[in-house]
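**Q** Here's a structure for you.
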Amino acid sequence: MIGLKVTDLSFHYPDRTQVLNGINFQIEPGERVGLLGPNGAGKTTLLLHLNGLLRAAEGTIQVGDLTLSDEVLSEVRRMVGFVFQDPDDQLFMATVAEDVAFGPRNFGFGQAEVDRRVESALEAVGESDLAPRAPHHLSGGERRKVAIATVLSTDSALLVLDEPTSNLDPAGRRELVNLLASLPATLLVVSHDLPFVLELCPRSLIIDQGRIVADGETRQLLLDRELLAKHRLELAYGFDPANIADR
Amino acid sequence: MSGSHAHALHYHGHSPVHHLPAETKLVGLLVFVLSVVSTPPTAIWAFCGYALILMIALGLSEVPARFFITRMAIDLPFVLFALLIPFVGVEPKIAIGPFAISEPGLLSAWNILVKATLGAGASVMLAATTEVPDLLRGLQRLKVPVVLVAIASFMIRYLDVVAGEFRRTRVAMAARGHNPRTVFDAKPLAVASGALFIRSYERGERVHQAMLARGYDGTWPSSGNERIAAKTWIVGLTPALFAVIVAIAARLL
């Protein structure tokens, strides 16, 4: 497992819209961290930086021992597994097996090793039977799990997930929590689903207007009504973090 | 399980034809079609020969005749077009009942009809016995440029997604009272199509990001290149070989 350190990260789009404004945080190896914030706070933009899909104007990103730069881009992309919000964007090959094999093939593994990785990644998400299926014939929950398998197959040690519970039914959501909690990886999870974050991530960051405005124990953050209200976050009706036991 | 992920033209089965590697079937189809189109339309016995080859292959594939015939509907536009030609063709004309029928037109009609039907029949056979991913792998092993294979693969993958988006848009329009009757009602549909194009374009960008995130560097990763035994090639190409013999005989006789 590897850690992540983001230092003074700033980013603006070509039209000068400032999206990230001096982001600083650190995640220890094996930690599971939630990233909360209102729409437009810069959550997805921040995630896209973590494996170099967007390049910052200022600041550094350190993944494990590597500082992100052009020279180590391929290695960083192998270590950071990015699970996109819409599995239809992530699963683009004709079959599940080929999609899970896409990463390992890009990283130059031989056929036997690719097959082994595909098998073990699908096994890890509990969906070995799906290998020959076409992604567009899977249910929402199956697609989500296969999308996670596509990054597990490259041995990603840091998983970055964008809204992983969107479009999942309650059972699919439950299976996802169990799966993510069982993975031997460092997790950074963007979500509006606060109960999900409370269940999965002991620690959370709140981002608003391109800055990290809070960093602490998830339960404490969610109990601070004033803090939540200030950043357009709120607890769903009937959900009280104080009355929920730890996982 | 296979039934749920097969396309409409595929017939799930375990016949020897199903088990042939896709590339032998692709090459076989190409050779068969080339043989058919190179045959002079007057060599009627040759077309009977091709039809016989196709029927034997159909029998071996265990694809039901009914399934095959309904899929042949794809041939209908060609049939209609061919049936028109004798009425609009050039002199000399022969009188059949009240109609003056062009003689060269009749021959062209037969030519188009028989060749299109045999070609469509062979293509339907390939589609009925080969899964799409196998076809794509076959094309890749035949050294078709990977970019073309990738484009075909993306098209197949996202056809359902884009069609689904369009269907939802249509439903949303109908739900708000849009009920197109004449061509003048087409504007909202045209606008929706434009929006769909933009959305698909943006999806393309997101898919590209997802590819980069998994190490894509501009070269498409190649899958395994297992070689096919000469014997399998010979078995797979047997129908095509007979077609070539028929074509040569039709030229010489």
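We label chains A, B, ... in the order they appear in the structure tokens, count residues from 1 in each chain, and number ligands from 1 in the order shown.
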Hey, list the chain A side of the contact with chain B: 7 Å cut-off, only C-alpha atoms, answer as a PyMOL selection string.
**A** chain A and resi 51+53+74+77-78+82+89-90+92-95+103+105-107+111+133-134+137
**Q** List the neighbours of region 177-194 of chain B out to 12 Å using only C-alpha atoms; skip same-chain residues closer than 4 positions along the sequence, and give me the result as an MDAnalysis selection string.
**A** chainID B and resid 162:163 165:173 198:201
**Q** Include N, CA, C and O atoms and write out the residues we just selected as an mmCIF file, in the first residue's frame.
**A**
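Here's the written file part.cif:
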data_model
loop_
_atom_site.group_PDB
_atom_site.id
_atom_site.type_symbol
_atom_site.label_atom_id
_atom_site.label_comp_id
_atom_site.auth_asym_id
_atom_site.auth_seq_id
_atom_site.Cartn_x
_atom_site.Cartn_y
_atom_site.Cartn_z
ATOM 1 N N VAL B 162 -25.749 5.000 -26.919
ATOM 2 C CA VAL B 162 -26.236 6.198 -27.601
ATOM 3 C C VAL B 162 -27.709 6.019 -27.991
ATOM 4 O O VAL B 162 -28.520 6.930 -27.812
ATOM 5 N N ALA B 163 -28.064 4.817 -28.478
ATOM 6 C CA ALA B 163 -29.464 4.565 -28.849
ATOM 7 C C ALA B 163 -30.351 4.689 -27.619
ATOM 8 O O ALA B 163 -31.456 5.248 -27.690
ATOM 9 N N GLU B 165 -29.797 6.604 -24.990
ATOM 10 C CA GLU B 165 -29.919 8.026 -24.667
ATOM 11 C C GLU B 165 -30.958 8.680 -25.572
ATOM 12 O O GLU B 165 -31.772 9.489 -25.134
ATOM 13 N N PHE B 166 -30.924 8.306 -26.853
ATOM 14 C CA PHE B 166 -31.854 8.908 -27.800
ATOM 15 C C PHE B 166 -33.291 8.486 -27.473
ATOM 16 O O PHE B 166 -34.207 9.291 -27.536
ATOM 17 N N ARG B 167 -33.433 7.206 -27.084
ATOM 18 C CA ARG B 167 -34.758 6.712 -26.730
ATOM 19 C C ARG B 167 -35.322 7.499 -25.545
ATOM 20 O O ARG B 167 -36.478 7.915 -25.546
ATOM 21 N N ARG B 168 -34.472 7.727 -24.545
ATOM 22 C CA ARG B 168 -34.931 8.470 -23.365
ATOM 23 C C ARG B 168 -35.328 9.892 -23.751
ATOM 24 O O ARG B 168 -36.316 10.426 -23.252
ATOM 25 N N THR B 169 -34.549 10.520 -24.648
ATOM 26 C CA THR B 169 -34.887 11.869 -25.097
ATOM 27 C C THR B 169 -36.254 11.871 -25.783
ATOM 28 O O THR B 169 -37.082 12.755 -25.540
ATOM 29 N N ARG B 170 -36.480 10.868 -26.643
ATOM 30 C CA ARG B 170 -37.764 10.773 -27.358
ATOM 31 C C ARG B 170 -38.917 10.629 -26.362
ATOM 32 O O ARG B 170 -39.950 11.280 -26.502
ATOM 33 N N VAL B 171 -38.698 9.777 -25.354
ATOM 34 C CA VAL B 171 -39.742 9.575 -24.349
ATOM 35 C C VAL B 171 -40.005 10.877 -23.607
ATOM 36 O O VAL B 171 -41.147 11.264 -23.380
ATOM 37 N N ALA B 172 -38.906 11.587 -23.255
ATOM 38 C CA ALA B 172 -39.060 12.843 -22.518
ATOM 39 C C ALA B 172 -39.817 13.866 -23.365
ATOM 40 O O ALA B 172 -40.609 14.653 -22.845
ATOM 41 N N MET B 173 -39.554 13.848 -24.677
ATOM 42 C CA MET B 173 -40.258 14.778 -25.569
ATOM 43 C C MET B 173 -41.737 14.406 -25.661
ATOM 44 O O MET B 173 -42.608 15.278 -25.594
ATOM 45 N N ILE B 198 -23.361 16.175 -29.299
ATOM 46 C CA ILE B 198 -22.449 16.844 -28.363
ATOM 47 C C ILE B 198 -22.192 15.933 -27.158
ATOM 48 O O ILE B 198 -21.056 15.767 -26.704
ATOM 49 N N ARG B 199 -23.265 15.330 -26.640
ATOM 50 C CA ARG B 199 -23.104 14.458 -25.474
ATOM 51 C C ARG B 199 -22.196 13.274 -25.804
ATOM 52 O O ARG B 199 -21.361 12.873 -24.998
ATOM 53 N N SER B 200 -22.369 12.716 -27.001
ATOM 54 C CA SER B 200 -21.536 11.575 -27.394
ATOM 55 C C SER B 200 -20.085 12.002 -27.541
ATOM 56 O O SER B 200 -19.167 11.270 -27.184
ATOM 57 N N TYR B 201 -19.903 13.214 -28.067
ATOM 58 C CA TYR B 201 -18.543 13.733 -28.227
ATOM 59 C C TYR B 201 -17.870 13.871 -26.854
ATOM 60 O O TYR B 201 -16.726 13.464 -26.653
#
**Q** Region 13-253 of chain B: which residues are alpha helix (DSSP H) by DSSP, as a VMD selection string?
**A** chain B and resid 16 to 19 22 to 37 44 to 61 65 to 71 76 to 88 103 to 129 132 to 141 146 to 175 187 to 213 230 to 252
**Q** With distances taken over only C-alpha atoms, which residue among B:Gly97, B:Thr117, B:Val146, B:Thr39 lies nearest Ile74 (chain B)?
**A**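 Once distances to Ile74 (chain B) are computed over only C-alpha atoms, the minimum belongs to B:Thr117.
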**Q** Go through region 54-165 of chain B and collect every residue that DSSP, computed from the backbone, puts in strand (DSSP E or B); the answer should be as JSON, numbers by chain.
**A** {"B": [93, 94, 95, 96, 99, 100, 101, 102]}
**Q** Would you work out the distance separating CA of Gly89 (chain B) from CA of Asp75 (chain B), expressed in Å to one decimal?
**A**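 CA of Asp75 (chain B) lies at a distance of 21.6 Å from CA of Gly89 (chain B).
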**Q** Quick one: residues within 7 Å of Thr7 (chain A), only C-alpha atoms, excluding same-chain residues fewer than 4 positions away - as a list of chain:residue names?
**A**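 My list of contacting residues is A:Ile23, A:Asn24, A:Phe25, A:Gly59, A:Thr60, A:Ile61.
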**Q** Create the file for the chosen residues now, containing N, CA, C and O atoms and written as a compact mmCIF listing (two decimals), in the first residue's frame.
**A**
# COMPACT_ATOMS: atom_id res chain seq x y z
N ILE A 23 -4.08 23.45 -2.63
CA ILE A 23 -4.56 22.27 -1.91
C ILE A 23 -3.38 21.58 -1.21
O ILE A 23 -2.35 21.34 -1.83
N ASN A 24 -3.55 21.28 0.07
CA ASN A 24 -2.54 20.54 0.83
C ASN A 24 -3.21 19.43 1.62
O ASN A 24 -4.17 19.69 2.35
N PHE A 25 -2.77 18.21 1.45
CA PHE A 25 -3.20 17.14 2.35
C PHE A 25 -2.30 15.93 2.15
O PHE A 25 -1.53 15.86 1.20
N GLY A 59 2.39 23.41 -7.66
CA GLY A 59 2.24 22.38 -6.64
C GLY A 59 2.78 21.03 -7.07
O GLY A 59 3.09 20.82 -8.24
N THR A 60 2.92 20.14 -6.10
CA THR A 60 3.45 18.81 -6.40
C THR A 60 2.51 17.74 -5.85
O THR A 60 1.77 17.97 -4.89
N ILE A 61 2.57 16.58 -6.52
CA ILE A 61 1.80 15.42 -6.08
C ILE A 61 2.79 14.28 -5.91
O ILE A 61 3.56 13.97 -6.82
**Q** Extract, using only C-alpha atoms, all DNA, RNA and protein residues at most 7 Å from Leu9 (chain B), discarding same-chain residues fewer than 5 positions from it, and format them as a ChimeraX atom specification.
**A** /B:71,127-128
**Q** Could you save the residues just selected, with N, CA and C atoms, as a CSV table (one decimal), in the first residue's frame?
**A**
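The resulting again-v9.csv:
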chain,number,residue,atom,x,y,z
B,71,ARG,N,-33.6,-13.5,-41.0
B,71,ARG,CA,-32.4,-12.6,-41.0
B,71,ARG,C,-32.1,-12.2,-42.4
B,127,ALA,N,-22.5,-14.1,-39.3
B,127,ALA,CA,-23.0,-13.4,-38.1
B,127,ALA,C,-23.7,-14.4,-37.2
B,128,ALA,N,-24.4,-15.3,-37.8
B,128,ALA,CA,-25.2,-16.3,-36.9
B,128,ALA,C,-24.3,-17.2,-36.2
**Q** At a cut-off of 8 Å, using only C-alpha atoms, what residues contact Glu28 (chain A)? Leave out same-chain residues fewer than 4 positions from it and give the result as a CSV table (one decimal) with N, CA and C atoms, in the first residue's frame.
**A**
chain,number,residue,atom,x,y,z
A,2,ILE,N,0.3,2.3,-0.6
A,2,ILE,CA,1.1,3.5,-0.7
A,2,ILE,C,0.3,4.7,-0.2
A,3,GLY,N,1.1,5.8,0.1
A,3,GLY,CA,0.4,7.0,0.6
A,3,GLY,C,0.4,8.0,-0.5
A,4,LEU,N,-0.2,9.2,-0.2
A,4,LEU,CA,-0.3,10.3,-1.2
A,4,LEU,C,-0.1,11.6,-0.5
A,186,THR,N,-5.1,1.8,-0.5
A,186,THR,CA,-5.4,3.1,0.0
A,186,THR,C,-6.6,3.7,-0.8
**Q** For Glu62 (chain B), which residue out of B:Val36, B:Ala95, B:Gly13, B:Ile44 is the nearest one, using only C-alpha atoms?
**A**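 Distance minimum relative to Glu62 (chain B) lands on B:Gly13.
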**Q** Excluding same-chain residues fewer than 5 positions from Ser128 (chain A), what lies within 7 Å of it counting only C-alpha atoms, as a list of chain:residue names?
**A**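 My list of contacting residues is A:Glu119, A:Leu122, A:Glu123.
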**Q** With only C-alpha atoms as the counted atoms, please give the residues lying no more than 8 Å from Gly28 (chain B), apart from itself and same-chain residues fewer than 2 positions off, as a list in words.
**A** Thr24, Lys25, Leu26, Leu30, Val31, Phe32, Gly236, Leu237, Pro239 and Ala240 of chain B
**Q** Mind writing the picked residues with N, CA and C atoms as a PDB file, in the first residue's frame?
**A**
ATOM      1  N   THR B  24     -10.860 -17.618 -40.045  1.00  0.00           N
ATOM      2  CA  THR B  24     -11.061 -18.506 -41.190  1.00  0.00           C
ATOM      3  C   THR B  24     -12.423 -18.220 -41.826  1.00  0.00           C
ATOM      4  N   LYS B  25     -13.398 -17.907 -40.978  1.00  0.00           N
ATOM      5  CA  LYS B  25     -14.737 -17.623 -41.513  1.00  0.00           C
ATOM      6  C   LYS B  25     -14.744 -16.296 -42.275  1.00  0.00           C
ATOM      7  N   LEU B  26     -13.997 -15.307 -41.749  1.00  0.00           N
ATOM      8  CA  LEU B  26     -13.936 -14.006 -42.424  1.00  0.00           C
ATOM      9  C   LEU B  26     -13.294 -14.139 -43.803  1.00  0.00           C
ATOM     10  N   LEU B  30     -15.038 -13.680 -47.556  1.00  0.00           N
ATOM     11  CA  LEU B  30     -14.496 -12.787 -48.589  1.00  0.00           C
ATOM     12  C   LEU B  30     -14.280 -13.548 -49.902  1.00  0.00           C
ATOM     13  N   VAL B  31     -13.656 -14.723 -49.810  1.00  0.00           N
ATOM     14  CA  VAL B  31     -13.361 -15.516 -51.007  1.00  0.00           C
ATOM     15  C   VAL B  31     -14.664 -15.961 -51.675  1.00  0.00           C
ATOM     16  N   PHE B  32     -15.619 -16.399 -50.856  1.00  0.00           N
ATOM     17  CA  PHE B  32     -16.914 -16.845 -51.386  1.00  0.00           C
ATOM     18  C   PHE B  32     -17.591 -15.715 -52.163  1.00  0.00           C
ATOM     19  N   GLY B 236     -11.802 -24.680 -42.466  1.00  0.00           N
ATOM     20  CA  GLY B 236     -12.584 -23.445 -42.474  1.00  0.00           C
ATOM     21  C   GLY B 236     -12.797 -22.894 -43.875  1.00  0.00           C
ATOM     22  N   LEU B 237     -11.805 -23.124 -44.722  1.00  0.00           N
ATOM     23  CA  LEU B 237     -11.885 -22.528 -46.064  1.00  0.00           C
ATOM     24  C   LEU B 237     -12.472 -23.470 -47.099  1.00  0.00           C
ATOM     25  N   PRO B 239     -15.604 -24.497 -47.865  1.00  0.00           N
ATOM     26  CA  PRO B 239     -16.697 -23.963 -48.698  1.00  0.00           C
ATOM     27  C   PRO B 239     -16.179 -22.936 -49.704  1.00  0.00           C
ATOM     28  N   ALA B 240     -15.265 -22.060 -49.233  1.00  0.00           N
ATOM     29  CA  ALA B 240     -14.715 -21.039 -50.120  1.00  0.00           C
ATOM     30  C   ALA B 240     -13.950 -21.691 -51.274  1.00  0.00           C
TER      31      ALA B 240
END
